[in-house]
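Participant: Could you have a look at this structure, given as structure tokens, before my questions?
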Amino acid sequence: MIIPKKVSRPTKAEEEKILELEEAKKKFVPTVALPTKGKKIPELLRGFRDILPDEQPYWDFFRDTARSLAESYGFERIELPILEKEELFIRTVGKQTDIVEKEIYTFEDKGGDKVILRPEMTASAARAYINHGMLNLPQPVKLWYMGPTFRYDRPQAGRYRQFNQFGLEAFGSNEPIIDAQIIVATFYLLKSLGIETTTRINSIGTPDSRLAYKTELAAYYRTKKNQICEDCKRRLLKNPLRLLDCKAEECQVVKEGAPQILDWLDEDSKNHFMRVLEFLDEAGVPYTLDPHLVRGLDYYNRTVFEIWAVSDEGERAQNALGGGGRYDGLVELLGGREGTPGCGVALGLERVVMAMKELKIQPPVKKIDVFFAQLGDSARRVGLRIFEDFRQSGISVREAFGKGSLKTQLENANKLEVPFTLILGQKEVLDGTIIVRDMESGAQEIVDAGKIVQIMKKKLEIIKSLDNKG
RNA sequence: GCGGUCAUAGCUCAAUGGUAGAGCACCGGGUUGUGGUCCCGGCCACACGGGUUCAAUUCCCGUUGAUCGCCCCA
């Protein structure tokens, strides 16, 4: 026997009535959006994300490590505006680059200025160097920065439209040791976080030699046009330097016979590069020579490099953690003193955090010392003051004033893995006492509420000294 | 900007052409004020829009988003 299941669905007439009602609602309550059948939930912009509390330990770990490391290498913090004049980046990053051609957020502000959400920070740093006459400071001027940057790119793992960069910049010295120091500092920064890296490095010489090489390379590839893949045919027209990056099998033979950029370097650049490598050898920092490495920003010259995580599973990492190089023409290009050299690196923080997670690196967690549990309003009132006493004496304390039952509060305390919970009820308030519960053993003692901070201080010290021994 | 894959609770995953289940998480309870285990209950979802159909979470199309590759980069 087949029993058709009854499906309730409004009839035409009913449907019309519903529509009518909804229209009426709109008219009567014009300021309030009424939830209808399709709930409208606010959505994030594509490529943007929230960094939630549970991810913050990774970020704190990075921030703390980066700050102390940068400063121990003599870099000083600079904060740069998020919005800059569009022109700044078109001139420096390069009009033809993908970053400027398709990835920048630009708009006109109310005053009619063409502004841009910064796609990177090196240009801003150079601008600041000029604006504030930093050429009068002892050179090199070494700066570090951290903050959000924006590129309107297609989002992917480790690639967002708003992402955070950390960077080091050194202006005013063309010594190869500066290039090396920046690479070394970056290496040790990531190492301190538990990420082993290797640096792919190359030299692209001066703009002139680079151009000459590019022409030569294109000429070579043009003679082999029928042996290369479709992608490469496109690259040949658009960005010949990228030809050397091709992974297609049919292109490998052609690639091997291609001219090498190192052969086209001028003597000074070649020398400079050799000395950078010598310094890296001396520092014991691993690197791989990568004659195919080119960078997409116009301002680079001589040394260019990328930082890659070394992973056990071979080449799983798709993205470099960071990159950088020398930009000797940048300051002058922006109208600063002729011949002011510079060199820097930038790390993509989302990528660093991603690497930490993949490598299962545990960031240090800030431990809570004491949980304060309360029962009833009088206990809460006293609790507020006790909480403040603890906070001011540097003991980290957590509470759950919003909770009523002791059971729930102890559950919270348990999840936080605190060593001690303080329990304050009606009775204790009247007696001027407070219960101290050892969460591991469950042992409790009743102590004088007036001395609670000193008592807990002692107990915590004992625990800490035991931890250090064990 | 181009191509492939995908979209079910806060998370991880089921099932189904007849409007959906679990585990974890969250909230509450297992008699008076005691956690880590256990038991009970509650909350919460078919991304959005359209089409085919008596009926769509399921099939088709579009949108949005994620993901992988290209491009590029951090």
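As shown in the structure tokens, the chain order sets the letters A, B, ...; within each chain, residues go from 1, and ligands are also counted from 1 in the order they appear.
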Would you list the contacts of G33 (chain B) as number ranges by chain, taking every protein, DNA or RNA residue within 9 Å and counting only C-alpha atoms (C1' of nucleotides), but skipping same-chain residues closer than 5 positions in sequence?
Facilitator: A: 375, 405-407, 425
Participant: Would you mind exporting the chosen residues as an mmCIF file, in the first residue's frame, restricted to N, CA and C atoms?
Facilitator:
```cif
data_model
loop_
_atom_site.group_PDB
_atom_site.id
_atom_site.type_symbol
_atom_site.label_atom_id
_atom_site.label_comp_id
_atom_site.auth_asym_id
_atom_site.auth_seq_id
_atom_site.Cartn_x
_atom_site.Cartn_y
_atom_site.Cartn_z
ATOM 1 N N LEU A 375 29.741 32.511 44.696
ATOM 2 C CA LEU A 375 28.349 32.090 44.856
ATOM 3 C C LEU A 375 27.549 33.214 45.487
ATOM 4 N N SER A 405 26.185 28.521 39.064
ATOM 5 C CA SER A 405 26.475 27.306 39.825
ATOM 6 C C SER A 405 27.962 27.067 39.980
ATOM 7 N N LEU A 406 28.307 26.555 41.122
ATOM 8 C CA LEU A 406 29.703 26.266 41.425
ATOM 9 C C LEU A 406 30.235 25.182 40.500
ATOM 10 N N LYS A 407 29.385 24.242 40.198
ATOM 11 C CA LYS A 407 29.760 23.144 39.322
ATOM 12 C C LYS A 407 30.278 23.666 37.977
ATOM 13 N N GLY A 425 31.787 31.929 48.905
ATOM 14 C CA GLY A 425 30.328 31.869 49.007
ATOM 15 C C GLY A 425 29.834 32.807 50.089
#
```
Participant: Need the shell around Val397 (chain A): protein/DNA/RNA residues with any atom at most 10 Å away, counting only C-alpha atoms (C1' of nucleotides). Skip same-chain ones fewer than 3 positions apart. Format as a PyMOL selection string?
Facilitator: chain A and resi 367-372+386-391+394+418+420-422
Participant: Save out the residues we just selected, N, CA and C atoms, as an mmCIF file, in the first residue's frame.
Facilitator:
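Output file result.cif is given in full below:
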```
data_model
loop_
_atom_site.group_PDB
_atom_site.id
_atom_site.type_symbol
_atom_site.label_atom_id
_atom_site.label_comp_id
_atom_site.auth_asym_id
_atom_site.auth_seq_id
_atom_site.Cartn_x
_atom_site.Cartn_y
_atom_site.Cartn_z
ATOM 1 N N LYS A 367 49.493 31.035 30.517
ATOM 2 C CA LYS A 367 48.753 30.266 31.509
ATOM 3 C C LYS A 367 48.045 31.166 32.500
ATOM 4 N N ILE A 368 46.884 30.726 32.900
ATOM 5 C CA ILE A 368 46.137 31.426 33.934
ATOM 6 C C ILE A 368 46.534 30.820 35.277
ATOM 7 N N ASP A 369 46.808 31.674 36.260
ATOM 8 C CA ASP A 369 47.264 31.188 37.559
ATOM 9 C C ASP A 369 46.111 30.726 38.451
ATOM 10 N N VAL A 370 45.059 31.522 38.457
ATOM 11 C CA VAL A 370 44.009 31.314 39.458
ATOM 12 C C VAL A 370 42.627 31.498 38.838
ATOM 13 N N PHE A 371 41.702 30.623 39.228
ATOM 14 C CA PHE A 371 40.310 30.842 38.849
ATOM 15 C C PHE A 371 39.536 31.265 40.082
ATOM 16 N N PHE A 372 38.701 32.280 39.891
ATOM 17 C CA PHE A 372 37.918 32.774 41.020
ATOM 18 C C PHE A 372 36.462 32.359 40.839
ATOM 19 N N ILE A 386 38.613 41.530 44.901
ATOM 20 C CA ILE A 386 39.687 40.535 44.950
ATOM 21 C C ILE A 386 40.320 40.352 43.585
ATOM 22 N N PHE A 387 39.462 40.303 42.575
ATOM 23 C CA PHE A 387 39.950 40.185 41.201
ATOM 24 C C PHE A 387 40.945 41.300 40.904
ATOM 25 N N GLU A 388 40.581 42.505 41.298
ATOM 26 C CA GLU A 388 41.424 43.669 41.042
ATOM 27 C C GLU A 388 42.749 43.574 41.807
ATOM 28 N N ASP A 389 42.674 43.092 43.035
ATOM 29 C CA ASP A 389 43.907 42.929 43.818
ATOM 30 C C ASP A 389 44.874 41.971 43.121
ATOM 31 N N PHE A 390 44.326 40.884 42.629
ATOM 32 C CA PHE A 390 45.168 39.907 41.930
ATOM 33 C C PHE A 390 45.772 40.505 40.664
ATOM 34 N N ARG A 391 44.926 41.134 39.908
ATOM 35 C CA ARG A 391 45.383 41.705 38.633
ATOM 36 C C ARG A 391 46.531 42.674 38.885
ATOM 37 N N GLY A 394 49.883 41.232 39.546
ATOM 38 C CA GLY A 394 50.516 40.495 38.447
ATOM 39 C C GLY A 394 50.162 39.023 38.377
ATOM 40 N N VAL A 418 43.893 25.660 35.362
ATOM 41 C CA VAL A 418 44.525 26.477 36.402
ATOM 42 C C VAL A 418 44.965 25.564 37.552
ATOM 43 N N PHE A 420 44.986 26.505 40.734
ATOM 44 C CA PHE A 420 44.155 26.780 41.918
ATOM 45 C C PHE A 420 42.834 27.451 41.560
ATOM 46 N N THR A 421 41.815 27.094 42.316
ATOM 47 C CA THR A 421 40.549 27.817 42.225
ATOM 48 C C THR A 421 40.225 28.379 43.607
ATOM 49 N N LEU A 422 39.790 29.631 43.622
ATOM 50 C CA LEU A 422 39.341 30.236 44.874
ATOM 51 C C LEU A 422 37.824 30.154 44.896
#
```
Participant: Give me the residues near region 361-364 of chain A as a list in words, where near means some atom within 6 Å (using only C-alpha atoms (C1' of nucleotides)) and where sequence neighbours in that chain fewer than 5 positions away do not count.
Facilitator: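 Residues meeting the cut-off are Pro57, Tyr58, Phe61 and Met356 of chain A.
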Participant: Can you build me a table of chain B residues sitting at most 12 Å from chain A, with the closest atom pair per residue and its distance in Å to one decimal, using only C-alpha atoms (C1' of nucleotides), sorted by chain and residue number, as JSON lines?
Facilitator:
```
{"residue": "B:G1", "atom": "C1'", "partner": "A:Lys102", "partner_atom": "CA", "distance": 8.5}
{"residue": "B:C2", "atom": "C1'", "partner": "A:Arg154", "partner_atom": "CA", "distance": 11.2}
{"residue": "B:G18", "atom": "C1'", "partner": "A:Lys5", "partner_atom": "CA", "distance": 6.1}
{"residue": "B:U19", "atom": "C1'", "partner": "A:Val7", "partner_atom": "CA", "distance": 9.1}
{"residue": "B:C27", "atom": "C1'", "partner": "A:Thr408", "partner_atom": "CA", "distance": 10.7}
{"residue": "B:G28", "atom": "C1'", "partner": "A:Thr408", "partner_atom": "CA", "distance": 10.4}
{"residue": "B:G29", "atom": "C1'", "partner": "A:Lys407", "partner_atom": "CA", "distance": 11.6}
{"residue": "B:G33", "atom": "C1'", "partner": "A:Leu406", "partner_atom": "CA", "distance": 6.7}
{"residue": "B:U34", "atom": "C1'", "partner": "A:Lys407", "partner_atom": "CA", "distance": 6.1}
{"residue": "B:G35", "atom": "C1'", "partner": "A:Leu410", "partner_atom": "CA", "distance": 4.6}
{"residue": "B:G36", "atom": "C1'", "partner": "A:Asn414", "partner_atom": "CA", "distance": 6.5}
{"residue": "B:A47", "atom": "C1'", "partner": "A:Ile41", "partner_atom": "CA", "distance": 10.0}
{"residue": "B:C48", "atom": "C1'", "partner": "A:Gly38", "partner_atom": "CA", "distance": 8.0}
{"residue": "B:G49", "atom": "C1'", "partner": "A:Gly38", "partner_atom": "CA", "distance": 10.0}
{"residue": "B:C54", "atom": "C1'", "partner": "A:Val7", "partner_atom": "CA", "distance": 9.7}
{"residue": "B:A55", "atom": "C1'", "partner": "A:Val7", "partner_atom": "CA", "distance": 7.4}
{"residue": "B:U64", "atom": "C1'", "partner": "A:Arg46", "partner_atom": "CA", "distance": 9.3}
{"residue": "B:G65", "atom": "C1'", "partner": "A:Arg46", "partner_atom": "CA", "distance": 7.4}
{"residue": "B:A66", "atom": "C1'", "partner": "A:Gln156", "partner_atom": "CA", "distance": 8.5}
{"residue": "B:U67", "atom": "C1'", "partner": "A:Gln156", "partner_atom": "CA", "distance": 7.1}
{"residue": "B:C68", "atom": "C1'", "partner": "A:Gln156", "partner_atom": "CA", "distance": 8.5}
{"residue": "B:G69", "atom": "C1'", "partner": "A:Gln156", "partner_atom": "CA", "distance": 10.7}
{"residue": "B:C70", "atom": "C1'", "partner": "A:Asp231", "partner_atom": "CA", "distance": 8.5}
{"residue": "B:C71", "atom": "C1'", "partner": "A:Asp98", "partner_atom": "CA", "distance": 8.9}
{"residue": "B:C72", "atom": "C1'", "partner": "A:Asp98", "partner_atom": "CA", "distance": 6.4}
{"residue": "B:C73", "atom": "C1'", "partner": "A:Gly296", "partner_atom": "CA", "distance": 7.6}
{"residue": "B:A74", "atom": "C1'", "partner": "A:Gly348", "partner_atom": "CA", "distance": 3.8}
```
Participant: Residues at most 12 Å from C13 (chain B), counting only C-alpha atoms (C1' of nucleotides), excluding those fewer than 2 positions away in the same chain, as a count of residues only?
Facilitator: 8
Participant: Where in region 149-329 of chain A does DSSP assign strand (DSSP E or B), given as a PyMOL selection string?
Facilitator: chain A and resi 149-150+156+159+162-171+197-203+287-289+301-309+322-326
Participant: Could you tell me how far C1' of G51 (chain B) lies from C1' of G17 (chain B), in Å and to one decimal?
Facilitator: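 Between C1' of G51 (chain B) and C1' of G17 (chain B) the gap is 15.4 Å.
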Participant: So which residues touch region 63-71 of chain A within 12 Å, counting only C-alpha atoms (C1' of nucleotides), skipping near sequence neighbours fewer than 6 positions away, as a PyMOL selection string?
Facilitator: chain A and resi 56-57+77-78+142-147+164-170+181-194+345-347+349+352-353+363-364
Participant: Hey, which of A:Ala180, A:Gly329, A:Gly74, A:Phe48 ends up closest to Thr199 (chain A)? Count only C-alpha atoms.
Facilitator: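 Selected residue with least distance to Thr199 (chain A): A:Ala180.
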Participant: List as a ChimeraX atom specification the protein and nucleic acid residues near Lys85 (chain A), meaning an atom at most 9 Å away when only C-alpha atoms (C1' of nucleotides) are counted, but skip any in the same chain fewer than 5 places from it.
Facilitator: /A:113-118
Participant: Pick out each residue of region 135-351 of chain A that DSSP on the backbone tags as alpha helix (DSSP H); I need them as a ChimeraX atom specification.
Facilitator: /A:176-192,207-223,230-238,249-256,267-283,330-333,349-351
Participant: Would you kindly return, as a PDB file with C-alpha atoms, in the first residue's frame, each protein, DNA or RNA residue with an atom no farther than 7 Å from any atom of Gly342 (chain A), considering only C-alpha atoms (C1' of nucleotides) and excluding same-chain residues fewer than 2 positions away?
Facilitator:
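Saved result, out-v3.pdb, follows:
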```pdb
ATOM      1  CA  ALA A 170      68.074  48.883   5.391  1.00  0.00           C
ATOM      2  CA  PHE A 171      68.699  52.155   3.586  1.00  0.00           C
ATOM      3  CA  GLY A 172      71.990  53.787   2.786  1.00  0.00           C
ATOM      4  CA  SER A 173      74.463  50.971   2.432  1.00  0.00           C
ATOM      5  CA  ASN A 174      75.425  48.894  -0.556  1.00  0.00           C
ATOM      6  CA  ARG A 326      68.163  45.014  -3.097  1.00  0.00           C
ATOM      7  CA  TYR A 327      66.559  48.171  -4.442  1.00  0.00           C
ATOM      8  CA  ASP A 328      69.375  50.614  -5.003  1.00  0.00           C
ATOM      9  CA  THR A 340      70.913  55.888  -2.074  1.00  0.00           C
ATOM     10  CA  GLY A 344      65.001  44.503   2.462  1.00  0.00           C
TER      11      GLY A 344
END
```
